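Peer 1: The structure's right below; bear with me while I get my questions together.
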Amino acid sequence: MELLVHGVGGATPQEMLADPRTTRVTGDGTASIHRRTDDLADRPWDDADPVREAYTWSGLTSGNAARALWLLLLPFMVANLAHWMRPAARGGRRTARAYDILVRLLALSLTVLLTAGACAVCLDLVAWQCAGSDTCVADASWLGPLEAGEGWWGQPGRRLAVAALPPAALVGLLWWLSRRTWSAYESASPPPRPRADAEGRAALSLPGFWYGRGIVSRLRAAHTTAALLTVCAALLAATGPHDRGADGDGALAAFGWLLAGLVAAGIVAVAAQQARHGRTEEKIDEQPVPRAVGALPLAALALLALTVAHTAWSRPDWVTAGRHPAGAATFPALAVAQGVLVVGVALAAHRLHRDTPRPDRGALAGLGGAAVALLACALGGVFTGGVTQRVADWLDPSAEPGEPGAAIAGPPVVLSWEAAAIPALLSVVLGLAVVAWLRVLRRTRRLAPAVRGRYADEPVTRLDERSEDIAAALARAELTDAAPLAVGWITGASLVLGVAAVAGSLTDETPSKAADGAPVPVQFAADVSQQLGSWLLGIGVVLLVAMGRRAYRDAGTRRTIGILWDVGTFWPRAAHPFAPPCYAERAVPDLAWRMCTWIDVGGGRLVISGHSQGSVLAAAAVWQLDDAARARVALLTHGSPLTRLYAPWFPAFFGPSALHSLHRDMPRWRNLWRATDPIGGPVGVTATGGAPVDAGPLADPLHYGRTPRWPLPEPVLGHADYAADPAYAEERAALFHRTAAGPVQLPAQTTPRTTPPPAEPVG
């Protein structure tokens, strides 16, 4: 048979099988395998029309309205990608381990940043500032029970105790989401016939690569603990100065010191746990979570309860003013700590890159992981700043927070500086977009005259508009190869602007105030940047939430948002447990199980055909098969991003050495590609003394103009519909006839499984 695996954006079984009547063979509502209803019975191979099965996995990444809200977890997903961008050095285990530890610590800092942002909104803006201001409470009547001096809840400590509940609930929600997806994704069954020869081979062939149950459990415990301890620290930072002051209580101060010591000890324990417990890929990680690690969240929750009780203790003389005591130092300190971690990641990556053979070196001189880690921190800062700025404006719409006449002091100053940096960063992005547009125009003019020569056998005169359309498609497809340069520029700009924002916050003044007395152009630029940046920060978060809400009503929007995760969530959660789950930890075992059972039960052979992201899943599944199973399988990829997108950014897993290893394991591999495809491309693998894996570039469009055989113009397909090219059927047939025939020798530990009975036809 032919086993089809679709790509980015998903496809229905009816579309994949080109038949409105299909039947589910096996699987559930999330991922399943279908056949044409008229093809349920097995039959001999037919080169023109073989038995085909379609594996649909789009339910793992899109289709559910709630998953659209995973957009808000974008910084966590990006930080998780940094783990997998490690250079492909074969030696340097100690440096590679240091790289992984630094990435995990940076991911942990993003959890702390998110929780600190929630505390800045709830504890600082709402409970500390607005509830302590008569003017602000007058506009926010829902805060009446917490108004300063009004009733039992009017004391600052009790207001803070109530305000600590939403951040704690947010942490609980993230824990629940991580555990729920963990049980559905990371707990998939390992392959029925694991490889016995994985030692020294490609990483994706290791038996434990797609089974991350243990590491996600440990990471979830650590991040939940760190987030709860962050809420504790925010409460203690508020009560400490008062308790240790002239009007404070010595017993409360002593108990506060004890709680602070326990918080510090918890932070040290979490950091040590990040350094000790890494990811295991050489074998399936089925070890239970250590009791000490599993007890950390419960201990942190108990500590939070004690801290809330300590904070709510009566302090009749306590009056709040200005900003929360910890606000001014927390966010700059987090930014500096993240900067140090990014520098450490960059140094480790540079050392690994230096020891990597030249063909396997990745993008940005091996600094792709550091660049992506920095972008994750920038996204976290944007999300945090956007929410706090919008909440501050909502609480005090009469004036800019912090300005004269404002009811509240506003969010921490560093967030205003971050907002002022946004217009400059967008200017860099806009400049890169203009450069890309000009490059497309220039390349189109250069390529257009030669387009007609690609169709020399067609008796059609040259058509300038047709040539320009094809040339424009070729030029746009070339832009993908310039992506590392664009990422480098954006990362560099983010680094410079981030340093400037932290340095500016040391003045303890907003950019507008800091520019007082400067030349008029400088004052104007500071005012415009702060106002525009604050608006852009807020509108960006609002747009994400609006997209999530729209996804509840519109299936098309759900699919569009789901596409964003098809690339970013391919990799297991090795650094951040609150990132969106890895769909490949379900899809790869699904494909491996289907191939093995097809071979073991009936002695069958198959061609697994993957398009776009489906080609990556197909390659990963083939890597997991043992020698006996691989001998009866052939691999056909088309529109594959293995080289253009994966090899530059993930060289340790999809670099030239890894792809050559895949070809040694799977010599029956062909890759179809088009020059007009902006995603897929050649894999550049050639067997020693044999034919290359690549077949292409295929003609696109198939015909230049109108002919007696094709009277209407053919479309430029680009990344779509590779099966429409005659080369597809030819390569599929040739691959199948190269697979091994004859009886199958089952492994001793394998028990054949029968295919479940077909379900009722659908469609």
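Chain identifiers are assigned as A, B, and so on, following the order in which chains appear in the structure tokens; residues are numbered from 1 within each chain, and ligands are numbered from 1 in order of appearance.
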If you run DSSP on the backbone, which residues of region 435-630 of chain A are strand (DSSP E or B), as an mmCIF file with N, CA and C atoms, in the first residue's frame?

Peer 2:
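Listed below is the output, result_4.cif:
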data_model
loop_
_atom_site.group_PDB
_atom_site.id
_atom_site.type_symbol
_atom_site.label_atom_id
_atom_site.label_comp_id
_atom_site.auth_asym_id
_atom_site.auth_seq_id
_atom_site.Cartn_x
_atom_site.Cartn_y
_atom_site.Cartn_z
ATOM 1 N N LEU A 606 5.197 -1.349 1.670
ATOM 2 C CA LEU A 606 4.519 -0.065 1.542
ATOM 3 C C LEU A 606 5.497 1.029 1.143
ATOM 4 N N VAL A 607 4.923 2.083 0.579
ATOM 5 C CA VAL A 607 5.622 3.351 0.330
ATOM 6 C C VAL A 607 4.977 4.375 1.246
ATOM 7 N N ILE A 608 5.748 4.976 2.122
ATOM 8 C CA ILE A 608 5.221 6.049 2.966
ATOM 9 C C ILE A 608 5.552 7.364 2.273
ATOM 10 N N SER A 609 4.512 8.138 1.980
ATOM 11 C CA SER A 609 4.630 9.362 1.192
ATOM 12 C C SER A 609 4.275 10.554 2.061
ATOM 13 N N GLY A 610 5.247 11.428 2.306
ATOM 14 C CA GLY A 610 5.030 12.574 3.169
ATOM 15 C C GLY A 610 5.190 13.879 2.427
ATOM 16 N N HIS A 611 4.213 14.774 2.595
ATOM 17 C CA HIS A 611 4.273 16.097 1.975
ATOM 18 C C HIS A 611 4.550 17.150 3.037
#

Peer 1: I want to know what sits within 10 Å of Arg442 (chain A), based on only C-alpha atoms, with residues of the same chain fewer than 6 positions away left out; could you give that as a PyMOL selection string?

Peer 2: chain A and resi 436+472+475

Peer 1: Please provide the set of residues having any atom within 12 Å of region 696-711 of chain A, restricted to only C-alpha atoms, with same-chain residues fewer than 3 positions apart removed, written as an MDAnalysis selection string.

Peer 2: chainID A and resid 451:471 473:474 638:639 670:677 680:684 692:693 714:728 731

Peer 1: Using backbone DSSP assignments, extract all alpha helix (DSSP H) residues from region 77-273 of chain A; output them as number ranges by chain.

Peer 2: A: 77-84, 93-119, 134-139, 156-163, 165-181, 213-243, 250-273

Peer 1: Of the candidates A:Val112, A:Val8, A:Ala295, A:Leu106, which one gets nearest to Ser217 (chain A) if we count only C-alpha atoms?

Peer 2: A:Ala295

Peer 1: Could you check how far CA of Leu301 (chain A) sits from CA of Pro412 (chain A), in Å to one decimal?

Peer 2: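 If I compute the distance from CA of Leu301 (chain A) to CA of Pro412 (chain A), I get 26.9 Å.
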
Peer 1: Quick one: everything within 12 Å of Gly517 (chain A), counting only C-alpha atoms, minus sequence neighbours fewer than 6 positions away in the same chain. Send it as a CSV table (one decimal) with all heavy atoms, in the first residue's frame.

Peer 2:
chain,number,residue,atom,x,y,z
A,523,GLN,N,13.1,65.0,22.5
A,523,GLN,CA,11.9,64.9,23.3
A,523,GLN,C,10.7,64.4,22.5
A,523,GLN,O,9.9,63.6,22.9
A,523,GLN,CB,11.5,66.3,23.8
A,523,GLN,CG,12.5,66.9,24.8
A,523,GLN,CD,12.1,68.2,25.4
A,523,GLN,OE1,10.9,68.4,25.7
A,523,GLN,NE2,13.0,69.1,25.6
A,524,PHE,N,10.6,64.9,21.2
A,524,PHE,CA,9.5,64.4,20.4
A,524,PHE,C,9.6,62.9,20.1
A,524,PHE,O,8.6,62.2,20.2
A,524,PHE,CB,9.5,65.2,19.0
A,524,PHE,CG,8.5,64.7,18.1
A,524,PHE,CD1,7.2,65.1,18.2
A,524,PHE,CD2,8.8,63.9,17.0
A,524,PHE,CE1,6.2,64.7,17.3
A,524,PHE,CE2,7.9,63.5,16.1
A,524,PHE,CZ,6.6,63.9,16.2
A,526,ALA,N,11.1,60.7,22.0
A,526,ALA,CA,10.8,59.9,23.2
A,526,ALA,C,9.3,59.8,23.5
A,526,ALA,O,8.8,58.8,23.8
A,526,ALA,CB,11.5,60.6,24.4

Peer 1: Where does region 263-316 of chain A meet region 161-181 of chain A within 12 Å, residue by residue, with the nearest atom pair and distance in Å to one decimal for each, counting only C-alpha atoms, listed by chain and rising number, as JSON lines?

Peer 2:
{"residue": "A:Pro297", "atom": "CA", "partner": "A:Trp175", "partner_atom": "CA", "distance": 10.0}
{"residue": "A:Leu298", "atom": "CA", "partner": "A:Gly172", "partner_atom": "CA", "distance": 11.7}
{"residue": "A:Ala300", "atom": "CA", "partner": "A:Ala168", "partner_atom": "CA", "distance": 11.0}
{"residue": "A:Leu301", "atom": "CA", "partner": "A:Ala168", "partner_atom": "CA", "distance": 9.0}
{"residue": "A:Leu304", "atom": "CA", "partner": "A:Ala168", "partner_atom": "CA", "distance": 8.9}
{"residue": "A:Ala305", "atom": "CA", "partner": "A:Ala161", "partner_atom": "CA", "distance": 9.7}
{"residue": "A:Leu306", "atom": "CA", "partner": "A:Ala161", "partner_atom": "CA", "distance": 10.8}
{"residue": "A:Thr307", "atom": "CA", "partner": "A:Ala161", "partner_atom": "CA", "distance": 8.7}
{"residue": "A:Val308", "atom": "CA", "partner": "A:Ala161", "partner_atom": "CA", "distance": 5.3}
{"residue": "A:Ala309", "atom": "CA", "partner": "A:Ala161", "partner_atom": "CA", "distance": 7.6}
{"residue": "A:His310", "atom": "CA", "partner": "A:Ala161", "partner_atom": "CA", "distance": 9.0}
{"residue": "A:Thr311", "atom": "CA", "partner": "A:Ala161", "partner_atom": "CA", "distance": 6.2}
{"residue": "A:Ala312", "atom": "CA", "partner": "A:Ala161", "partner_atom": "CA", "distance": 5.8}
{"residue": "A:Trp313", "atom": "CA", "partner": "A:Ala161", "partner_atom": "CA", "distance": 9.6}
{"residue": "A:Ser314", "atom": "CA", "partner": "A:Ala161", "partner_atom": "CA", "distance": 11.7}

Peer 1: Could you work out how far CA of Gly240 (chain A) lies from CA of Thr135 (chain A), giving the answer in Å with one decimal?

Peer 2: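 These two atoms are separated by 27.0 Å.
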